[in-house]
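Shown next: final_22.cif, given as mmCIF, C-alpha atoms.
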data_structure
#
loop_
_atom_site.group_PDB
_atom_site.id
_atom_site.type_symbol
_atom_site.label_atom_id
_atom_site.label_comp_id
_atom_site.auth_asym_id
_atom_site.auth_seq_id
_atom_site.Cartn_x
_atom_site.Cartn_y
_atom_site.Cartn_z
ATOM 1 C CA MET P 1 -65.792 -4.046 -123.647
ATOM 2 C CA GLU P 2 -65.571 -0.937 -121.526
ATOM 3 C CA ASN P 3 -64.718 -3.063 -118.535
ATOM 4 C CA ASN P 4 -62.000 -4.682 -120.545
ATOM 5 C CA SER P 5 -60.129 -1.516 -121.434
ATOM 6 C CA LYS P 6 -60.501 -0.101 -117.923
ATOM 7 C CA SER P 7 -59.087 -3.297 -116.426
ATOM 8 C CA ALA P 8 -56.177 -3.252 -118.832
ATOM 9 C CA GLU P 9 -55.512 0.388 -118.036
ATOM 10 C CA ASP P 10 -55.721 -0.309 -114.281
ATOM 11 C CA LEU P 11 -53.261 -3.171 -114.497
ATOM 12 C CA ARG P 12 -50.859 -1.080 -116.538
ATOM 13 C CA THR P 13 -51.016 1.709 -113.961
ATOM 14 C CA ILE P 14 -50.487 -0.726 -111.088
ATOM 15 C CA ARG P 15 -47.435 -2.239 -112.742
ATOM 16 C CA LYS P 16 -45.959 1.178 -113.495
ATOM 17 C CA ILE P 17 -46.515 2.491 -109.973
ATOM 18 C CA MET P 18 -45.042 -0.646 -108.405
ATOM 19 C CA GLU P 19 -41.921 -0.250 -110.484
ATOM 20 C CA GLU P 20 -41.564 3.494 -110.015
ATOM 21 C CA SER P 21 -42.053 3.347 -106.270
ATOM 22 C CA THR P 22 -39.272 0.814 -105.780
ATOM 23 C CA ARG P 23 -36.785 1.637 -108.516
ATOM 24 C CA PHE P 24 -34.934 4.839 -109.275
ATOM 25 C CA LEU P 25 -35.213 5.122 -113.047
ATOM 26 C CA SER P 26 -33.621 8.491 -113.689
ATOM 27 C CA LEU P 27 -30.142 7.041 -114.168
ATOM 28 C CA SER P 28 -28.949 7.816 -117.664
ATOM 29 C CA GLY P 29 -26.814 5.644 -119.926
ATOM 30 C CA LEU P 30 -24.843 8.795 -120.724
ATOM 31 C CA SER P 31 -23.454 8.674 -117.164
ATOM 32 C CA GLY P 32 -21.887 5.312 -117.939
ATOM 33 C CA ILE P 33 -20.378 6.521 -121.198
ATOM 34 C CA PHE P 34 -18.871 9.615 -119.568
ATOM 35 C CA ALA P 35 -17.625 7.737 -116.488
ATOM 36 C CA GLY P 36 -15.923 5.232 -118.783
ATOM 37 C CA ALA P 37 -14.281 7.931 -120.877
ATOM 38 C CA ILE P 38 -13.089 9.781 -117.773
ATOM 39 C CA ALA P 39 -11.645 6.584 -116.263
ATOM 40 C CA ILE P 40 -9.703 5.840 -119.446
ATOM 41 C CA THR P 41 -8.416 9.433 -119.620
ATOM 42 C CA GLY P 42 -7.274 9.144 -116.001
ATOM 43 C CA ALA P 43 -5.452 5.898 -116.718
ATOM 44 C CA LEU P 44 -3.705 7.432 -119.738
ATOM 45 C CA ILE P 45 -2.623 10.473 -117.702
ATOM 46 C CA ALA P 46 -1.240 8.132 -115.042
ATOM 47 C CA TRP P 47 0.594 6.024 -117.607
ATOM 48 C CA PHE P 48 2.159 8.803 -119.673
ATOM 49 C CA PHE P 49 2.778 11.521 -117.103
ATOM 50 C CA ILE P 50 3.067 9.940 -113.683
ATOM 51 C CA LEU P 51 4.558 6.560 -114.550
ATOM 52 C CA LYS P 52 6.648 8.035 -117.416
ATOM 53 C CA ASN P 53 5.327 5.760 -120.185
ATOM 54 C CA GLY P 54 5.326 2.772 -117.896
ATOM 55 C CA THR P 55 9.028 2.872 -117.088
ATOM 56 C CA VAL P 56 8.031 3.290 -113.461
ATOM 57 C CA ASN P 57 6.102 0.528 -111.731
ATOM 58 C CA ILE P 58 5.359 1.412 -108.138
ATOM 59 C CA ASP P 59 3.581 -1.862 -107.550
ATOM 60 C CA LYS P 60 6.871 -3.684 -107.910
ATOM 61 C CA GLN P 61 8.584 -1.142 -105.649
ATOM 62 C CA VAL P 62 11.357 -0.305 -108.099
ATOM 63 C CA ILE P 63 14.618 -0.063 -106.242
ATOM 64 C CA ASN P 64 16.143 2.798 -108.175
ATOM 65 C CA LEU P 65 13.520 5.243 -106.932
ATOM 66 C CA SER P 66 14.024 7.179 -103.752
ATOM 67 C CA GLU P 67 11.509 6.923 -100.945
ATOM 68 C CA GLN P 68 10.432 10.466 -101.683
ATOM 69 C CA GLU P 69 9.823 9.802 -105.366
ATOM 70 C CA ILE P 70 7.664 6.792 -104.555
ATOM 71 C CA ILE P 71 5.580 8.816 -102.121
ATOM 72 C CA SER P 72 5.144 11.626 -104.634
ATOM 73 C CA ILE P 73 4.031 9.140 -107.316
ATOM 74 C CA LYS P 74 1.541 7.601 -104.903
ATOM 75 C CA TRP P 75 -0.007 10.960 -104.093
ATOM 76 C CA LYS P 76 -0.272 11.828 -107.769
ATOM 77 C CA MET P 77 -1.972 8.504 -108.489
ATOM 78 C CA ILE P 78 -4.415 9.088 -105.628
ATOM 79 C CA ALA P 79 -5.161 12.575 -106.958
ATOM 80 C CA VAL P 80 -5.914 11.232 -110.439
ATOM 81 C CA ALA P 81 -8.144 8.443 -109.057
ATOM 82 C CA LEU P 82 -10.080 10.878 -106.869
ATOM 83 C CA SER P 83 -10.494 13.312 -109.773
ATOM 84 C CA VAL P 84 -11.900 10.492 -111.914
ATOM 85 C CA LEU P 85 -14.323 9.580 -109.115
ATOM 86 C CA ILE P 86 -15.494 13.150 -108.501
ATOM 87 C CA LEU P 87 -15.896 13.984 -112.193
ATOM 88 C CA SER P 88 -17.857 10.773 -112.791
ATOM 89 C CA ILE P 89 -20.202 11.496 -109.881
ATOM 90 C CA LEU P 90 -20.745 15.079 -111.061
ATOM 91 C CA PHE P 91 -21.534 13.956 -114.610
ATOM 92 C CA SER P 92 -23.928 11.222 -113.506
ATOM 93 C CA LEU P 93 -25.671 13.673 -111.172
ATOM 94 C CA TYR P 94 -25.999 16.125 -114.040
ATOM 95 C CA PHE P 95 -27.457 13.500 -116.403
ATOM 96 C CA SER P 96 -29.813 12.189 -113.711
ATOM 97 C CA VAL P 97 -31.114 15.671 -112.917
ATOM 98 C CA ARG P 98 -31.647 16.249 -116.624
ATOM 99 C CA LYS P 99 -33.466 12.957 -117.136
ATOM 100 C CA ALA P 100 -35.629 13.395 -114.026
ATOM 101 C CA LYS P 101 -36.599 16.897 -115.134
ATOM 102 C CA ARG P 102 -37.462 15.742 -118.627
ATOM 103 C CA GLU P 103 -39.696 13.008 -117.224
ATOM 104 C CA GLY P 104 -41.182 15.299 -114.584
ATOM 105 C CA LYS P 105 -39.907 13.203 -111.673
ATOM 106 C CA GLU P 106 -38.355 14.108 -108.356
ATOM 107 C CA LEU P 107 -34.636 13.351 -108.102
ATOM 108 C CA TRP P 108 -34.614 13.138 -104.306
ATOM 109 C CA SER P 109 -37.267 10.513 -103.730
ATOM 110 C CA HIS P 110 -37.993 7.433 -101.673
ATOM 111 C CA SER P 111 -36.431 5.246 -104.370
ATOM 112 C CA SER P 112 -33.320 7.364 -104.934
ATOM 113 C CA LYS P 113 -32.624 7.465 -101.190
ATOM 114 C CA ARG P 114 -32.873 3.701 -100.959
ATOM 115 C CA LEU P 115 -30.639 3.283 -104.002
ATOM 116 C CA LEU P 116 -28.048 5.575 -102.448
ATOM 117 C CA VAL P 117 -28.003 3.762 -99.099
ATOM 118 C CA ASN P 118 -27.605 0.407 -100.797
ATOM 119 C CA LEU P 119 -24.804 1.702 -103.007
ATOM 120 C CA MET P 120 -22.992 3.452 -100.180
ATOM 121 C CA ILE P 121 -22.617 0.532 -97.769
ATOM 122 C CA PRO P 122 -20.241 -1.509 -99.981
ATOM 123 C CA LEU P 123 -18.657 1.651 -101.419
ATOM 124 C CA ILE P 124 -17.720 3.181 -98.064
ATOM 125 C CA THR P 125 -16.444 -0.189 -96.858
ATOM 126 C CA GLY P 126 -14.287 -0.320 -99.992
ATOM 127 C CA ALA P 127 -13.072 3.244 -99.516
ATOM 128 C CA VAL P 128 -11.959 2.546 -95.942
ATOM 129 C CA PHE P 129 -10.280 -0.657 -97.046
ATOM 130 C CA THR P 130 -8.415 1.267 -99.755
ATOM 131 C CA VAL P 131 -6.923 3.470 -97.055
ATOM 132 C CA VAL P 132 -5.889 0.331 -95.145
ATOM 133 C CA LEU P 133 -4.146 -1.052 -98.252
ATOM 134 C CA LEU P 134 -2.359 2.266 -98.728
ATOM 135 C CA ILE P 135 -1.187 2.341 -95.117
ATOM 136 C CA HIS P 136 0.151 -1.210 -95.369
ATOM 137 C CA ASN P 137 1.719 -0.496 -98.737
ATOM 138 C CA HIS P 138 -0.276 -3.079 -100.672
ATOM 139 C CA THR P 139 -0.768 -0.758 -103.622
ATOM 140 C CA GLU P 140 -0.864 -3.697 -106.059
ATOM 141 C CA LEU P 141 -4.188 -4.750 -104.523
ATOM 142 C CA ILE P 142 -5.913 -1.374 -104.737
ATOM 143 C CA VAL P 143 -7.331 -1.693 -108.268
ATOM 144 C CA PRO P 144 -8.633 -5.261 -107.674
ATOM 145 C CA GLU P 145 -10.160 -4.165 -104.382
ATOM 146 C CA LEU P 146 -11.817 -1.072 -105.894
ATOM 147 C CA LEU P 147 -13.323 -3.145 -108.719
ATOM 148 C CA ILE P 148 -14.584 -5.835 -106.349
ATOM 149 C CA PHE P 149 -16.263 -3.452 -103.906
ATOM 150 C CA TYR P 150 -17.698 -1.357 -106.735
ATOM 151 C CA GLY P 151 -19.077 -4.539 -108.289
ATOM 152 C CA LEU P 152 -20.646 -5.570 -104.984
ATOM 153 C CA ALA P 153 -22.236 -2.120 -104.666
ATOM 154 C CA LEU P 154 -23.775 -2.448 -108.139
ATOM 155 C CA VAL P 155 -25.057 -5.957 -107.460
ATOM 156 C CA ASN P 156 -26.669 -4.582 -104.320
ATOM 157 C CA ALA P 157 -28.149 -1.639 -106.240
ATOM 158 C CA GLY P 158 -29.708 -3.907 -108.862
ATOM 159 C CA LYS P 159 -32.970 -4.146 -106.936
ATOM 160 C CA PHE P 160 -33.350 -0.395 -106.630
ATOM 161 C CA THR P 161 -32.716 0.843 -110.169
ATOM 162 C CA TYR P 162 -32.497 -0.756 -113.607
ATOM 163 C CA GLY P 163 -31.953 -4.504 -113.124
ATOM 164 C CA GLU P 164 -29.201 -4.503 -115.754
ATOM 165 C CA ILE P 165 -26.847 -2.869 -113.285
ATOM 166 C CA PHE P 166 -26.692 -6.218 -111.444
ATOM 167 C CA TYR P 167 -24.905 -7.773 -114.419
ATOM 168 C CA LEU P 168 -22.510 -4.853 -114.711
ATOM 169 C CA GLY P 169 -21.726 -5.495 -111.029
ATOM 170 C CA ILE P 170 -20.988 -9.172 -111.677
ATOM 171 C CA LEU P 171 -18.642 -8.246 -114.539
ATOM 172 C CA GLU P 172 -16.846 -5.705 -112.302
ATOM 173 C CA ILE P 173 -16.370 -8.358 -109.605
ATOM 174 C CA ILE P 174 -14.967 -10.829 -112.163
ATOM 175 C CA THR P 175 -12.616 -8.151 -113.530
ATOM 176 C CA GLY P 176 -11.492 -7.297 -109.997
ATOM 177 C CA LEU P 177 -10.833 -10.892 -108.995
ATOM 178 C CA THR P 178 -8.966 -11.550 -112.246
ATOM 179 C CA SER P 179 -6.802 -8.483 -111.758
ATOM 180 C CA SER P 180 -5.816 -9.639 -108.275
ATOM 181 C CA PHE P 181 -3.891 -12.458 -109.979
ATOM 182 C CA PHE P 182 -1.893 -9.972 -112.046
ATOM 183 C CA PRO P 183 -0.122 -7.588 -109.682
ATOM 184 C CA GLY P 184 1.421 -4.616 -111.431
ATOM 185 C CA GLN P 185 -1.203 -4.664 -114.211
ATOM 186 C CA GLY P 186 -3.664 -2.495 -112.299
ATOM 187 C CA LEU P 187 -3.965 0.187 -114.978
ATOM 188 C CA ILE P 188 -5.048 -2.279 -117.655
ATOM 189 C CA PHE P 189 -7.760 -3.735 -115.424
ATOM 190 C CA TRP P 190 -8.782 -0.220 -114.374
ATOM 191 C CA ILE P 191 -9.268 0.596 -118.069
ATOM 192 C CA ILE P 192 -11.281 -2.602 -118.624
ATOM 193 C CA GLY P 193 -13.408 -2.349 -115.460
ATOM 194 C CA PHE P 194 -14.011 1.352 -115.023
ATOM 195 C CA GLY P 195 -13.517 2.338 -118.663
ATOM 196 C CA ILE P 196 -14.627 -0.203 -121.245
ATOM 197 C CA LEU P 197 -17.359 -1.940 -119.181
ATOM 198 C CA HIS P 198 -18.912 1.432 -118.284
ATOM 199 C CA ILE P 199 -18.936 2.588 -121.888
ATOM 200 C CA ILE P 200 -20.477 -0.642 -123.186
ATOM 201 C CA TYR P 201 -23.077 -0.593 -120.395
ATOM 202 C CA GLY P 202 -23.839 3.090 -120.949
ATOM 203 C CA LEU P 203 -24.273 2.646 -124.702
ATOM 204 C CA ALA P 204 -26.529 -0.374 -124.232
ATOM 205 C CA MET P 205 -28.696 1.394 -121.636
ATOM 206 C CA TYR P 206 -28.898 4.565 -123.690
ATOM 207 C CA ARG P 207 -30.034 2.675 -126.766
ATOM 208 C CA LYS P 208 -32.503 0.589 -124.836
ATOM 209 C CA TYR P 209 -34.211 3.261 -122.723
ATOM 210 C CA GLU P 210 -33.388 6.695 -124.071
ATOM 211 C CA ALA P 211 -32.631 6.758 -127.785
ATOM 212 C CA MET Z 1 -70.179 -11.463 -116.692
ATOM 213 C CA LYS Z 2 -71.673 -10.776 -113.267
ATOM 214 C CA ASP Z 3 -69.338 -13.295 -111.689
ATOM 215 C CA LEU Z 4 -66.358 -11.550 -113.131
ATOM 216 C CA ILE Z 5 -67.234 -8.161 -111.780
ATOM 217 C CA ALA Z 6 -68.354 -9.541 -108.422
ATOM 218 C CA ASN Z 7 -64.747 -10.022 -107.361
ATOM 219 C CA LEU Z 8 -63.787 -6.447 -108.115
ATOM 220 C CA ASN Z 9 -63.471 -4.609 -104.848
ATOM 221 C CA LYS Z 10 -65.378 -1.329 -104.667
ATOM 222 C CA VAL Z 11 -62.789 0.061 -102.264
ATOM 223 C CA PHE Z 12 -60.152 0.003 -104.997
ATOM 224 C CA GLU Z 13 -62.262 1.638 -107.666
ATOM 225 C CA SER Z 14 -60.483 4.974 -107.410
ATOM 226 C CA ARG Z 15 -57.225 5.387 -109.287
ATOM 227 C CA ILE Z 16 -55.579 6.953 -106.273
ATOM 228 C CA ARG Z 17 -56.485 4.086 -103.951
ATOM 229 C CA LEU Z 18 -55.251 1.672 -106.569
ATOM 230 C CA GLY Z 19 -51.993 3.612 -106.629
ATOM 231 C CA ILE Z 20 -51.633 3.684 -102.847
ATOM 232 C CA MET Z 21 -52.164 -0.064 -102.608
ATOM 233 C CA SER Z 22 -49.752 -0.770 -105.485
ATOM 234 C CA ILE Z 23 -47.024 1.139 -103.683
ATOM 235 C CA LEU Z 24 -47.684 -0.518 -100.330
ATOM 236 C CA MET Z 25 -47.655 -3.966 -101.927
ATOM 237 C CA VAL Z 26 -44.008 -3.603 -102.941
ATOM 238 C CA ASN Z 27 -42.727 -1.297 -100.183
ATOM 239 C CA GLU Z 28 -42.898 -2.255 -96.526
ATOM 240 C CA THR Z 29 -43.622 1.325 -95.509
ATOM 241 C CA TYR Z 30 -44.003 4.556 -97.443
ATOM 242 C CA ASP Z 31 -44.353 8.059 -96.023
ATOM 243 C CA PHE Z 32 -47.006 10.620 -96.853
ATOM 244 C CA ASN Z 33 -44.812 12.971 -98.860
ATOM 245 C CA SER Z 34 -43.316 10.193 -100.951
ATOM 246 C CA LEU Z 35 -46.807 8.891 -101.692
ATOM 247 C CA LYS Z 36 -47.794 12.391 -102.745
ATOM 248 C CA GLU Z 37 -44.832 12.713 -105.078
ATOM 249 C CA THR Z 38 -45.149 9.277 -106.637
ATOM 250 C CA LEU Z 39 -48.893 9.589 -107.237
ATOM 251 C CA ASP Z 40 -48.795 13.304 -108.049
ATOM 252 C CA VAL Z 41 -51.901 14.245 -106.033
ATOM 253 C CA THR Z 42 -52.827 17.031 -103.612
ATOM 254 C CA ASP Z 43 -52.530 16.703 -99.814
ATOM 255 C CA GLY Z 44 -56.269 16.755 -99.179
ATOM 256 C CA ASN Z 45 -57.088 14.294 -101.893
ATOM 257 C CA LEU Z 46 -54.433 11.824 -100.760
ATOM 258 C CA ALA Z 47 -55.394 12.199 -97.094
ATOM 259 C CA SER Z 48 -59.048 11.413 -97.737
ATOM 260 C CA HIS Z 49 -58.248 8.296 -99.722
ATOM 261 C CA LEU Z 50 -55.765 7.144 -97.081
ATOM 262 C CA LYS Z 51 -58.427 7.678 -94.440
ATOM 263 C CA ALA Z 52 -60.901 5.574 -96.408
ATOM 264 C CA LEU Z 53 -58.398 2.733 -96.847
ATOM 265 C CA GLU Z 54 -57.504 2.898 -93.177
ATOM 266 C CA GLU Z 55 -61.149 2.693 -92.142
ATOM 267 C CA LYS Z 56 -61.603 -0.394 -94.309
ATOM 268 C CA GLY Z 57 -58.644 -1.982 -92.576
ATOM 269 C CA MET Z 58 -56.548 -2.120 -95.746
ATOM 270 C CA ILE Z 59 -53.650 -0.046 -94.455
ATOM 271 C CA ARG Z 60 -51.992 0.765 -91.162
ATOM 272 C CA VAL Z 61 -50.814 4.220 -90.109
ATOM 273 C CA ASN Z 62 -47.541 4.687 -88.224
ATOM 274 C CA LYS Z 63 -46.969 8.110 -86.735
ATOM 275 C CA GLN Z 64 -43.563 8.992 -85.404
ATOM 276 C CA PHE Z 65 -41.257 11.929 -84.971
ATOM 277 C CA LEU Z 66 -38.114 12.408 -87.019
ATOM 278 C CA GLY Z 67 -36.328 14.863 -84.775
ATOM 279 C CA ARG Z 68 -39.039 17.434 -84.306
ATOM 280 C CA LYS Z 69 -40.920 16.865 -87.512
ATOM 281 C CA PRO Z 70 -43.878 14.534 -87.402
ATOM 282 C CA ASN Z 71 -43.610 11.788 -89.966
ATOM 283 C CA THR Z 72 -46.552 9.668 -90.981
ATOM 284 C CA SER Z 73 -45.930 6.477 -92.860
ATOM 285 C CA TYR Z 74 -48.245 3.782 -94.089
ATOM 286 C CA SER Z 75 -48.108 0.065 -94.634
ATOM 287 C CA ALA Z 76 -50.543 -2.479 -96.002
ATOM 288 C CA THR Z 77 -52.298 -4.804 -93.562
ATOM 289 C CA GLU Z 78 -52.447 -8.522 -94.231
ATOM 290 C CA SER Z 79 -56.100 -8.381 -95.144
ATOM 291 C CA GLY Z 80 -55.365 -5.366 -97.355
ATOM 292 C CA ILE Z 81 -52.726 -7.335 -99.233
ATOM 293 C CA CYS Z 82 -55.108 -10.291 -99.565
ATOM 294 C CA ASP Z 83 -58.008 -8.136 -100.811
ATOM 295 C CA PHE Z 84 -55.813 -6.287 -103.274
ATOM 296 C CA GLN Z 85 -54.462 -9.525 -104.696
ATOM 297 C CA GLN Z 86 -58.033 -10.715 -105.191
ATOM 298 C CA HIS Z 87 -58.848 -7.451 -106.927
ATOM 299 C CA LEU Z 88 -55.840 -7.882 -109.220
ATOM 300 C CA LYS Z 89 -56.898 -11.418 -110.062
ATOM 301 C CA ALA Z 90 -60.385 -10.187 -110.886
ATOM 302 C CA LEU Z 91 -58.938 -7.547 -113.219
ATOM 303 C CA GLU Z 92 -56.830 -10.192 -114.937
ATOM 304 C CA ASN Z 93 -59.809 -12.514 -115.292
ATOM 305 C CA ILE Z 94 -61.853 -9.823 -116.997
ATOM 306 C CA LEU Z 95 -59.039 -9.351 -119.493
ATOM 307 C CA ASN Z 96 -58.589 -13.060 -120.117
ATOM 308 C CA LYS Z 97 -62.231 -14.016 -120.504
ATOM 309 C CA GLN Z 98 -63.215 -11.441 -123.061
#
Go ahead and express the file in the form of structure tokens.
Amino acid sequence: MENNSKSAEDLRTIRKIMEESTRFLSLSGLSGIFAGAIAITGALIAWFFILKNGTVNIDKQVINLSEQEIISIKWKMIAVALSVLILSILFSLYFSVRKAKREGKELWSHSSKRLLVNLMIPLITGAVFTVVLLIHNHTELIVPELLIFYGLALVNAGKFTYGEIFYLGILEIITGLTSSFFPGQGLIFWIIGFGILHIIYGLAMYRKYEA
Amino acid sequence: MKDLIANLNKVFESRIRLGIMSILMVNETYDFNSLKETLDVTDGNLASHLKALEEKGMIRVNKQFLGRKPNTSYSATESGICDFQQHLKALENILNKQ
């Protein structure tokens, strides 16, 4: 009987160590919820303040706008998108630090480094490609392209953190590809992909692993 | 009963060695400091268990320099992987038979 419980305990430990040494498990569902909310806020700011309630559509290169106005709108849109990105990263860092501390784990570990590398390869590729699209004035493809590369990054990250992130990645890719068929509707797909999907994912993960 | 225990490998009796092998089964290489953090053990303790596993031919040591800092990483040998799998099977058998 004693052998039995020791064996069970050993196997449990082995399984736990195998998982912890390969996967970074300090990601919090709260990061998803906040990132989603920030993305939606950004989209609303863009819609109401930069695109003047949608009367301006830079994707369709409205003729009655001067060159200068178009450029100014583009810069404002870039600023909002970058703010959303930076705020989301800061919040997810904050929640990860908090979760790691609570569980007595190191944030900067073998598994978090590997996760980061695997996330960054598709993300940096996407970021460079975004600049290319901007230079060639294909602004209507930026939201689809961002969603697709972000989705690929998440699919790639699925082996190095919670496996569920793989499915979020697939949904982001589908959203991105769909949006590429609807030029000029970028904001709506931005809200779906970066907003709603993140919030649903974050809520599900929070309830499953943290609540 | 005797048969069941016979397949348990004495080398893996310690929790720390069990932990080291578990990590090296799923990671191609793992460095000393990361092992220390994941297993939450002291330098000396970890080093002595690594030494023992190395002497039994279960793991391989790779020493290299990252810039100026020496970096020691470890990986499981083929026979180490084989022996550990046998040990795991033995543990499972004990659970199933009782």
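When all atoms listed in the file are used to compute distances to chain Z, the closest of the residues P:Trp108, P:Phe149, P:Phe49, P:Tyr167 turns out to be P:Trp108.
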Counting all atoms listed in the file, which residues of chain P fall within 10 Å of chain Z, and what is the closest atom pair for each with its distance in Å at one decimal, ordered by chain and rising number, as JSON lines?
{"residue": "P:Met1", "atom": "CA", "partner": "Z:Gln98", "partner_atom": "CA", "distance": 7.9}
{"residue": "P:Asn3", "atom": "CA", "partner": "Z:Ile94", "partner_atom": "CA", "distance": 7.5}
{"residue": "P:Asn4", "atom": "CA", "partner": "Z:Leu95", "partner_atom": "CA", "distance": 5.6}
{"residue": "P:Ser5", "atom": "CA", "partner": "Z:Leu95", "partner_atom": "CA", "distance": 8.1}
{"residue": "P:Lys6", "atom": "CA", "partner": "Z:Leu91", "partner_atom": "CA", "distance": 8.9}
{"residue": "P:Ser7", "atom": "CA", "partner": "Z:Leu91", "partner_atom": "CA", "distance": 5.3}
{"residue": "P:Ala8", "atom": "CA", "partner": "Z:Leu95", "partner_atom": "CA", "distance": 6.8}
{"residue": "P:Glu9", "atom": "CA", "partner": "Z:Leu91", "partner_atom": "CA", "distance": 9.9}
{"residue": "P:Asp10", "atom": "CA", "partner": "Z:Arg15", "partner_atom": "CA", "distance": 7.7}
{"residue": "P:Leu11", "atom": "CA", "partner": "Z:Leu91", "partner_atom": "CA", "distance": 7.3}
{"residue": "P:Thr13", "atom": "CA", "partner": "Z:Gly19", "partner_atom": "CA", "distance": 7.6}
{"residue": "P:Ile14", "atom": "CA", "partner": "Z:Ser22", "partner_atom": "CA", "distance": 5.7}
{"residue": "P:Arg15", "atom": "CA", "partner": "Z:Ser22", "partner_atom": "CA", "distance": 7.8}
{"residue": "P:Lys16", "atom": "CA", "partner": "Z:Ser22", "partner_atom": "CA", "distance": 9.1}
{"residue": "P:Ile17", "atom": "CA", "partner": "Z:Ser22", "partner_atom": "CA", "distance": 6.4}
{"residue": "P:Met18", "atom": "CA", "partner": "Z:Ile23", "partner_atom": "CA", "distance": 5.4}
{"residue": "P:Glu19", "atom": "CA", "partner": "Z:Val26", "partner_atom": "CA", "distance": 8.5}
{"residue": "P:Glu20", "atom": "CA", "partner": "Z:Thr38", "partner_atom": "CA", "distance": 7.6}
{"residue": "P:Ser21", "atom": "CA", "partner": "Z:Ile23", "partner_atom": "CA", "distance": 6.0}
{"residue": "P:Thr22", "atom": "CA", "partner": "Z:Asn27", "partner_atom": "CA", "distance": 6.9}
{"residue": "P:Lys105", "atom": "CA", "partner": "Z:Glu37", "partner_atom": "CA", "distance": 8.2}
{"residue": "P:Glu106", "atom": "CA", "partner": "Z:Glu37", "partner_atom": "CA", "distance": 7.4}
{"residue": "P:Trp108", "atom": "CA", "partner": "Z:Ser34", "partner_atom": "CA", "distance": 9.8}
{"residue": "P:Ser109", "atom": "CA", "partner": "Z:Ser34", "partner_atom": "CA", "distance": 6.7}
{"residue": "P:His110", "atom": "CA", "partner": "Z:Ser34", "partner_atom": "CA", "distance": 6.0}
{"residue": "P:Ser111", "atom": "CA", "partner": "Z:Ser34", "partner_atom": "CA", "distance": 9.1}
query: Taking the file as shown, what set of residues would the PyMOL selection byres ((chain Z and resi 80-83) around 7) give back, as a list in words?
result: Met25, Gly57, Met58, Ile59, Ala76, Thr77, Glu78, Ser79, Phe84, Gln85, Gln86 and His87 of chain Z
Evaluate the PyMOL selection byres ((chain P and resi 93) around 12) and report residues as an mmCIF file with C-alpha atoms, in the coordinates of the input:
data_model
loop_
_atom_site.group_PDB
_atom_site.id
_atom_site.type_symbol
_atom_site.label_atom_id
_atom_site.label_comp_id
_atom_site.auth_asym_id
_atom_site.auth_seq_id
_atom_site.Cartn_x
_atom_site.Cartn_y
_atom_site.Cartn_z
ATOM 1 C CA SER P 26 -33.621 8.491 -113.689
ATOM 2 C CA LEU P 27 -30.142 7.041 -114.168
ATOM 3 C CA SER P 28 -28.949 7.816 -117.664
ATOM 4 C CA GLY P 29 -26.814 5.644 -119.926
ATOM 5 C CA LEU P 30 -24.843 8.795 -120.724
ATOM 6 C CA SER P 31 -23.454 8.674 -117.164
ATOM 7 C CA GLY P 32 -21.887 5.312 -117.939
ATOM 8 C CA PHE P 34 -18.871 9.615 -119.568
ATOM 9 C CA ALA P 35 -17.625 7.737 -116.488
ATOM 10 C CA ILE P 86 -15.494 13.150 -108.501
ATOM 11 C CA LEU P 87 -15.896 13.984 -112.193
ATOM 12 C CA SER P 88 -17.857 10.773 -112.791
ATOM 13 C CA ILE P 89 -20.202 11.496 -109.881
ATOM 14 C CA LEU P 90 -20.745 15.079 -111.061
ATOM 15 C CA PHE P 91 -21.534 13.956 -114.610
ATOM 16 C CA SER P 92 -23.928 11.222 -113.506
ATOM 17 C CA TYR P 94 -25.999 16.125 -114.040
ATOM 18 C CA PHE P 95 -27.457 13.500 -116.403
ATOM 19 C CA SER P 96 -29.813 12.189 -113.711
ATOM 20 C CA VAL P 97 -31.114 15.671 -112.917
ATOM 21 C CA ARG P 98 -31.647 16.249 -116.624
ATOM 22 C CA LYS P 99 -33.466 12.957 -117.136
ATOM 23 C CA ALA P 100 -35.629 13.395 -114.026
ATOM 24 C CA LEU P 107 -34.636 13.351 -108.102
ATOM 25 C CA TRP P 108 -34.614 13.138 -104.306
ATOM 26 C CA SER P 112 -33.320 7.364 -104.934
#
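A straight line drawn from atom CA of P:Leu115 to atom CA of P:Phe166 is 12.7 Å long.
Atom CA of P:Phe129 sits 22.0 Å away from atom CA of P:Ala46.
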query: At what distance in Å, to one decimal, does atom CA of P:Ala127 lie from atom CA of P:Phe181?
result: 21.0 Å
Can you turn the PyMOL selection byres ((chain P and resi 155) around 9) into a concrete residue list for this file, as a compact mmCIF listing (two decimals) with C-alpha atoms, in the coordinates of the input?
# COMPACT_ATOMS: atom_id res chain seq x y z
CA LEU P 119 -24.80 1.70 -103.01
CA TYR P 150 -17.70 -1.36 -106.74
CA GLY P 151 -19.08 -4.54 -108.29
CA LEU P 152 -20.65 -5.57 -104.98
CA ALA P 153 -22.24 -2.12 -104.67
CA LEU P 154 -23.78 -2.45 -108.14
CA ASN P 156 -26.67 -4.58 -104.32
CA ALA P 157 -28.15 -1.64 -106.24
CA GLY P 158 -29.71 -3.91 -108.86
CA LYS P 159 -32.97 -4.15 -106.94
CA ILE P 165 -26.85 -2.87 -113.28
CA PHE P 166 -26.69 -6.22 -111.44
CA TYR P 167 -24.90 -7.77 -114.42
CA LEU P 168 -22.51 -4.85 -114.71
CA GLY P 169 -21.73 -5.50 -111.03
CA ILE P 170 -20.99 -9.17 -111.68
message: as a PyMOL selection string, please: the residues near Z:Asn45 (cut-off 10 Å, all atoms listed in the file, same-chain neighbours under 4 positions excluded).
response: chain Z and resi 16+36+41+49-50
task: Write out as a PyMOL selection string each polymer residue whose atoms come within 12 Å of P:Thr139, counting all atoms listed in the file; drop sequence neighbours fewer than 2 positions from it.
output: chain P and resi 57-61+70-71+73-75+77-78+129-137+141-146+180+183-187
